[in-house]
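Novice: Below is a structure I'd like to ask you about.
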Amino acid sequence: MLLFVDNLTNVDFSYLDASRGLLGETWLANIRLHGDLDDQSMVCDFGVVKKIVRDWLDTELDHRLAVPTQAPNIEINANGDQLDIRWTLDNGEHIHTTSPRQAIALVEAETLTAETIARWCEQQLKSAFRDEIEKLELSFSTEHIEGAFYHYSHGLKKHGGNCQRIAHGHRSRIDIWAEGEKSSNLEQCWAERWRDIYIGSREDISAEPTINGADYFDFAYTSEQGAFTLQLPKRCCYIIDTDTTVECLAEHIAATTAADNPSVELRIRAFEGINKGAEAYR
């Protein structure tokens, strides 16, 4: 018998990609369990499946930075509870971060894809189920978005939960109405502007070094979970003068779009992952 739960939960996180850099993502998790029926005539109770998988993903992947531990272009060093990670991109630039261990998902893979991360998750989850489960399969899918969307990463140092981690992210749609009409042109403009971007707060910039001819931003802050630093090429960053909550991002999009389109009535709907976000108006 096979038990399945589609779209069981979603995870918002970031991961390192050799060509795209720091990539914010939102994936939906789907689970398949193979096994014989138990004394309840079930492979496994749906409530048990949902709790185990959701709790594990929330703890081990959601709002973390996933790094491929077997990649040839990564250096990972531990100093107490801190992990120091340096990632070299295909073009020779680098990403360098130091974070508390709980902010990082160390994935045993050479490259990170939906498939390799799913296989890693399966290995960790198998022991959480009873021995009668013959096979566990996890897969990730993305939200179907007909219009524009972007991938972004950020960190919210004032947040009391896991959003304070300096490098986590989202795959997010953007809806914009101009004079009451949906504007695919304005939506696509922001999708291009924020393609694979790190959105940083200006007050978190600690330095702006030039290394091997490339310009970088250094971000640094200390929050409840510990000290965080992140060094990224400037070309991968978008700086705003406020925090990077979705409320502030919606307001920034509205204000910037209004400056370029004076006297136009605007409604902005910015998403943070799936089915949540903020609206702003001009």
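Residues are referred to by chain and number: the chain letter is A, B, ... according to the order shown in the structure tokens, the number counts from 1 in that chain, and ligands are numbered separately from 1 in the order shown.
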Give me, as a PDB file with N, CA and C atoms, in the first residue's frame, all polymer residues having an atom no more than 10 Å from stretch 256-259 of chain A, counting only C-alpha atoms and skipping those fewer than 4 positions away in the same chain.

Specialist:
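Listed below is the output, out36.pdb:
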```
ATOM      1  N   ILE A 176       0.570  43.962  -9.124  1.00  0.00           N
ATOM      2  CA  ILE A 176       0.508  45.421  -9.143  1.00  0.00           C
ATOM      3  C   ILE A 176      -0.682  45.857 -10.010  1.00  0.00           C
ATOM      4  N   ALA A 178      -2.435  49.355 -11.579  1.00  0.00           N
ATOM      5  CA  ALA A 178      -2.281  50.772 -11.884  1.00  0.00           C
ATOM      6  C   ALA A 178      -3.615  51.283 -12.407  1.00  0.00           C
ATOM      7  N   LEU A 186       4.629  46.369 -15.025  1.00  0.00           N
ATOM      8  CA  LEU A 186       5.220  46.782 -13.761  1.00  0.00           C
ATOM      9  C   LEU A 186       5.621  45.569 -12.920  1.00  0.00           C
ATOM     10  N   CYS A 189       8.791  44.195 -14.305  1.00  0.00           N
ATOM     11  CA  CYS A 189       9.898  45.101 -13.994  1.00  0.00           C
ATOM     12  C   CYS A 189      10.489  44.771 -12.628  1.00  0.00           C
ATOM     13  N   TRP A 190       9.630  44.551 -11.638  1.00  0.00           N
ATOM     14  CA  TRP A 190      10.131  44.212 -10.299  1.00  0.00           C
ATOM     15  C   TRP A 190      10.680  42.800 -10.242  1.00  0.00           C
ATOM     16  N   GLU A 251       5.778  48.552   0.791  1.00  0.00           N
ATOM     17  CA  GLU A 251       5.810  50.012   0.824  1.00  0.00           C
ATOM     18  C   GLU A 251       6.920  50.560  -0.073  1.00  0.00           C
ATOM     19  N   HIS A 252       8.078  49.891  -0.077  1.00  0.00           N
ATOM     20  CA  HIS A 252       9.177  50.333  -0.943  1.00  0.00           C
ATOM     21  C   HIS A 252       8.801  50.216  -2.411  1.00  0.00           C
ATOM     22  N   SER A 263       1.103  60.532 -10.310  1.00  0.00           N
ATOM     23  CA  SER A 263      -0.331  60.718 -10.536  1.00  0.00           C
ATOM     24  C   SER A 263      -1.062  59.443 -10.933  1.00  0.00           C
ATOM     25  N   VAL A 264      -0.404  58.279 -10.838  1.00  0.00           N
ATOM     26  CA  VAL A 264      -1.040  57.006 -11.128  1.00  0.00           C
ATOM     27  C   VAL A 264      -1.435  56.339  -9.811  1.00  0.00           C
ATOM     28  N   GLU A 265      -2.693  55.915  -9.711  1.00  0.00           N
ATOM     29  CA  GLU A 265      -3.148  55.222  -8.500  1.00  0.00           C
ATOM     30  C   GLU A 265      -2.622  53.788  -8.522  1.00  0.00           C
ATOM     31  N   LEU A 266      -1.942  53.397  -7.447  1.00  0.00           N
ATOM     32  CA  LEU A 266      -1.275  52.103  -7.413  1.00  0.00           C
ATOM     33  C   LEU A 266      -1.761  51.258  -6.237  1.00  0.00           C
ATOM     34  N   ILE A 268      -0.224  47.665  -4.547  1.00  0.00           N
ATOM     35  CA  ILE A 268       0.863  46.690  -4.586  1.00  0.00           C
ATOM     36  C   ILE A 268       0.520  45.531  -3.658  1.00  0.00           C
ATOM     37  N   TYR A 281      -0.356  51.096  -0.924  1.00  0.00           N
ATOM     38  CA  TYR A 281      -1.132  51.871  -1.884  1.00  0.00           C
ATOM     39  C   TYR A 281      -0.483  53.238  -2.094  1.00  0.00           C
ATOM     40  N   ARG A 282      -0.702  53.789  -3.258  1.00  0.00           N
ATOM     41  CA  ARG A 282      -0.298  55.166  -3.570  1.00  0.00           C
ATOM     42  C   ARG A 282      -1.382  55.829  -4.431  1.00  0.00           C
TER      43      ARG A 282
END
```

Novice: Looking only at the backbone, which of the residues in stretch 66-282 of chain A does DSSP tag as strand (DSSP E or B), as an MDAnalysis selection string?

Specialist: chainID A and resid 66:68 74:79 82:88 94:100 104:107 133:141 149:154 168:178 181:182 197:201 205:207 210:211 214:223 226:233 237:240 266:271 277:281

Novice: If we count only C-alpha atoms and set the cut-off at 9 Å, which residues sit around stretch 227-244 of chain A, ignoring sequence neighbours fewer than 6 positions away in its own chain? Please answer as a ChimeraX atom specification.

Specialist: /A:21-22,82,93-100,154-158,165-167,193-203,208,214-221,252

Novice: List the neighbours of A:Met42 out to 10 Å using only C-alpha atoms; skip same-chain residues closer than 5 positions along the sequence, and give me the result as a list in words.

Specialist: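 Within the cut-off, the hits are Met1, Leu2, Leu3, Gly35, Asp36 and Leu37 of chain A.
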
Novice: Would you work out the distance separating atom CA of A:Leu136 from atom CA of A:Leu33, expressed in Å to one decimal?

Specialist: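 Distance reported for this atom pair: 4.8 Å.
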
Novice: Go through A:Thr116, A:Arg64, A:Val246, A:Ala109 one by one, measure the shortest atom-to-atom distance of each to A:Lys276 using only C-alpha atoms, and give the residue with the smallest value.

Specialist: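 Among A:Thr116, A:Arg64, A:Val246, A:Ala109, it is A:Val246 that comes nearest to A:Lys276.
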
Novice: I'd like the contact shell of A:Ala114 - 7 Å cut-off, only C-alpha atoms, skipping same-chain residues fewer than 3 positions apart - returned as a short mmCIF file (atom, residue, chain, number, x, y, z; two decimals) with N, CA, C and O atoms, in the first residue's frame.

Specialist:
```
data_model
loop_
_atom_site.label_atom_id
_atom_site.label_comp_id
_atom_site.auth_asym_id
_atom_site.auth_seq_id
_atom_site.Cartn_x
_atom_site.Cartn_y
_atom_site.Cartn_z
N ILE A 117 18.10 17.70 -2.24
CA ILE A 117 17.66 18.07 -0.90
C ILE A 117 16.59 17.11 -0.41
O ILE A 117 16.57 16.72 0.77
N ALA A 118 15.71 16.66 -1.31
CA ALA A 118 14.68 15.69 -0.93
C ALA A 118 15.31 14.38 -0.48
O ALA A 118 14.87 13.77 0.50
N PHE A 140 9.71 17.79 -3.61
CA PHE A 140 9.38 19.21 -3.49
C PHE A 140 8.84 19.72 -4.82
O PHE A 140 9.32 19.33 -5.89
#
```

Novice: Do you know which residues are at most 12 Å from A:Val5 counting only C-alpha atoms, after dropping those on the same chain fewer than 2 positions away, and could you put them as a PyMOL selection string?

Specialist: chain A and resi 2-3+7-9+28-33+44-51+53-54+136-140

Novice: Take the selection from the previous step and output its residues with N, CA, C and O atoms, as a compact mmCIF listing (two decimals), in the first residue's frame.

Specialist:
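Generated file (again_12.txt):
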```txt
# COMPACT_ATOMS: atom_id res chain seq x y z
N LEU A 2 0.30 2.33 -0.51
CA LEU A 2 1.01 3.61 -0.55
C LEU A 2 0.11 4.69 0.02
O LEU A 2 -1.05 4.81 -0.37
N LEU A 3 0.65 5.44 0.94
CA LEU A 3 -0.05 6.59 1.52
C LEU A 3 0.62 7.85 1.01
O LEU A 3 1.85 7.95 1.01
N ASN A 7 1.31 18.60 -0.94
CA ASN A 7 1.31 19.96 -0.37
C ASN A 7 1.14 19.93 1.14
O ASN A 7 0.36 20.69 1.72
N LEU A 8 1.87 19.04 1.78
CA LEU A 8 1.75 18.85 3.22
C LEU A 8 2.13 20.12 3.98
O LEU A 8 1.48 20.51 4.94
N THR A 9 3.19 20.77 3.54
CA THR A 9 3.62 22.02 4.15
C THR A 9 4.54 22.71 3.15
O THR A 9 4.85 22.15 2.08
N LEU A 28 6.94 23.44 -1.82
CA LEU A 28 5.89 22.64 -1.21
C LEU A 28 6.40 21.21 -1.05
O LEU A 28 7.04 20.67 -1.95
N ALA A 29 6.14 20.62 0.10
CA ALA A 29 6.61 19.27 0.39
C ALA A 29 5.50 18.25 0.18
O ALA A 29 4.36 18.46 0.60
N ASN A 30 5.85 17.15 -0.49
CA ASN A 30 4.93 16.05 -0.75
C ASN A 30 5.56 14.76 -0.23
O ASN A 30 6.75 14.53 -0.42
N ILE A 31 4.75 13.92 0.42
CA ILE A 31 5.29 12.71 1.05
C ILE A 31 4.56 11.47 0.55
O ILE A 31 3.36 11.51 0.27
N ARG A 32 5.32 10.37 0.39
CA ARG A 32 4.77 9.06 0.03
C ARG A 32 5.33 8.03 1.01
O ARG A 32 6.54 7.98 1.24
N LEU A 33 4.45 7.22 1.58
CA LEU A 33 4.88 6.16 2.48
C LEU A 33 4.39 4.82 1.95
O LEU A 33 3.20 4.65 1.67
N CYS A 44 -0.13 4.53 7.88
CA CYS A 44 0.24 5.41 8.98
C CYS A 44 -0.86 6.45 9.12
O CYS A 44 -1.45 6.87 8.12
N ASP A 45 -1.14 6.86 10.33
CA ASP A 45 -2.17 7.87 10.56
C ASP A 45 -1.76 9.20 9.91
O ASP A 45 -0.62 9.65 10.07
N PHE A 46 -2.70 9.83 9.18
CA PHE A 46 -2.39 11.10 8.52
C PHE A 46 -1.88 12.15 9.51
O PHE A 46 -0.97 12.92 9.21
N GLY A 47 -2.48 12.17 10.70
CA GLY A 47 -2.06 13.14 11.70
C GLY A 47 -0.63 12.95 12.13
O GLY A 47 0.11 13.92 12.32
N VAL A 48 -0.21 11.68 12.24
CA VAL A 48 1.17 11.38 12.61
C VAL A 48 2.12 11.79 11.49
O VAL A 48 3.17 12.41 11.73
N VAL A 49 1.75 11.47 10.24
CA VAL A 49 2.59 11.82 9.09
C VAL A 49 2.80 13.34 9.04
O VAL A 49 3.93 13.83 8.91
N LYS A 50 1.71 14.07 9.13
CA LYS A 50 1.80 15.53 9.02
C LYS A 50 2.66 16.12 10.13
O LYS A 50 3.50 16.99 9.88
N LYS A 51 2.47 15.65 11.35
CA LYS A 51 3.22 16.22 12.47
C LYS A 51 4.71 15.92 12.34
O LYS A 51 5.54 16.81 12.50
N VAL A 53 6.59 15.07 9.66
CA VAL A 53 7.26 15.71 8.52
C VAL A 53 7.28 17.22 8.68
O VAL A 53 8.32 17.87 8.46
N ARG A 54 6.15 17.81 9.07
CA ARG A 54 6.10 19.26 9.23
C ARG A 54 7.07 19.73 10.31
O ARG A 54 7.81 20.70 10.12
N LEU A 136 10.09 5.48 2.25
CA LEU A 136 9.62 6.86 2.39
C LEU A 136 10.14 7.67 1.23
O LEU A 136 11.32 7.62 0.91
N GLU A 137 9.26 8.41 0.58
CA GLU A 137 9.65 9.27 -0.54
C GLU A 137 9.16 10.69 -0.28
O GLU A 137 7.99 10.90 0.00
N LEU A 138 10.08 11.62 -0.39
CA LEU A 138 9.74 13.03 -0.24
C LEU A 138 10.07 13.73 -1.54
O LEU A 138 11.09 13.44 -2.18
N SER A 139 9.22 14.64 -1.95
CA SER A 139 9.51 15.45 -3.14
C SER A 139 9.10 16.88 -2.86
O SER A 139 8.27 17.16 -2.00
N PHE A 140 9.71 17.79 -3.61
CA PHE A 140 9.38 19.21 -3.49
C PHE A 140 8.84 19.72 -4.82
O PHE A 140 9.32 19.33 -5.89
```
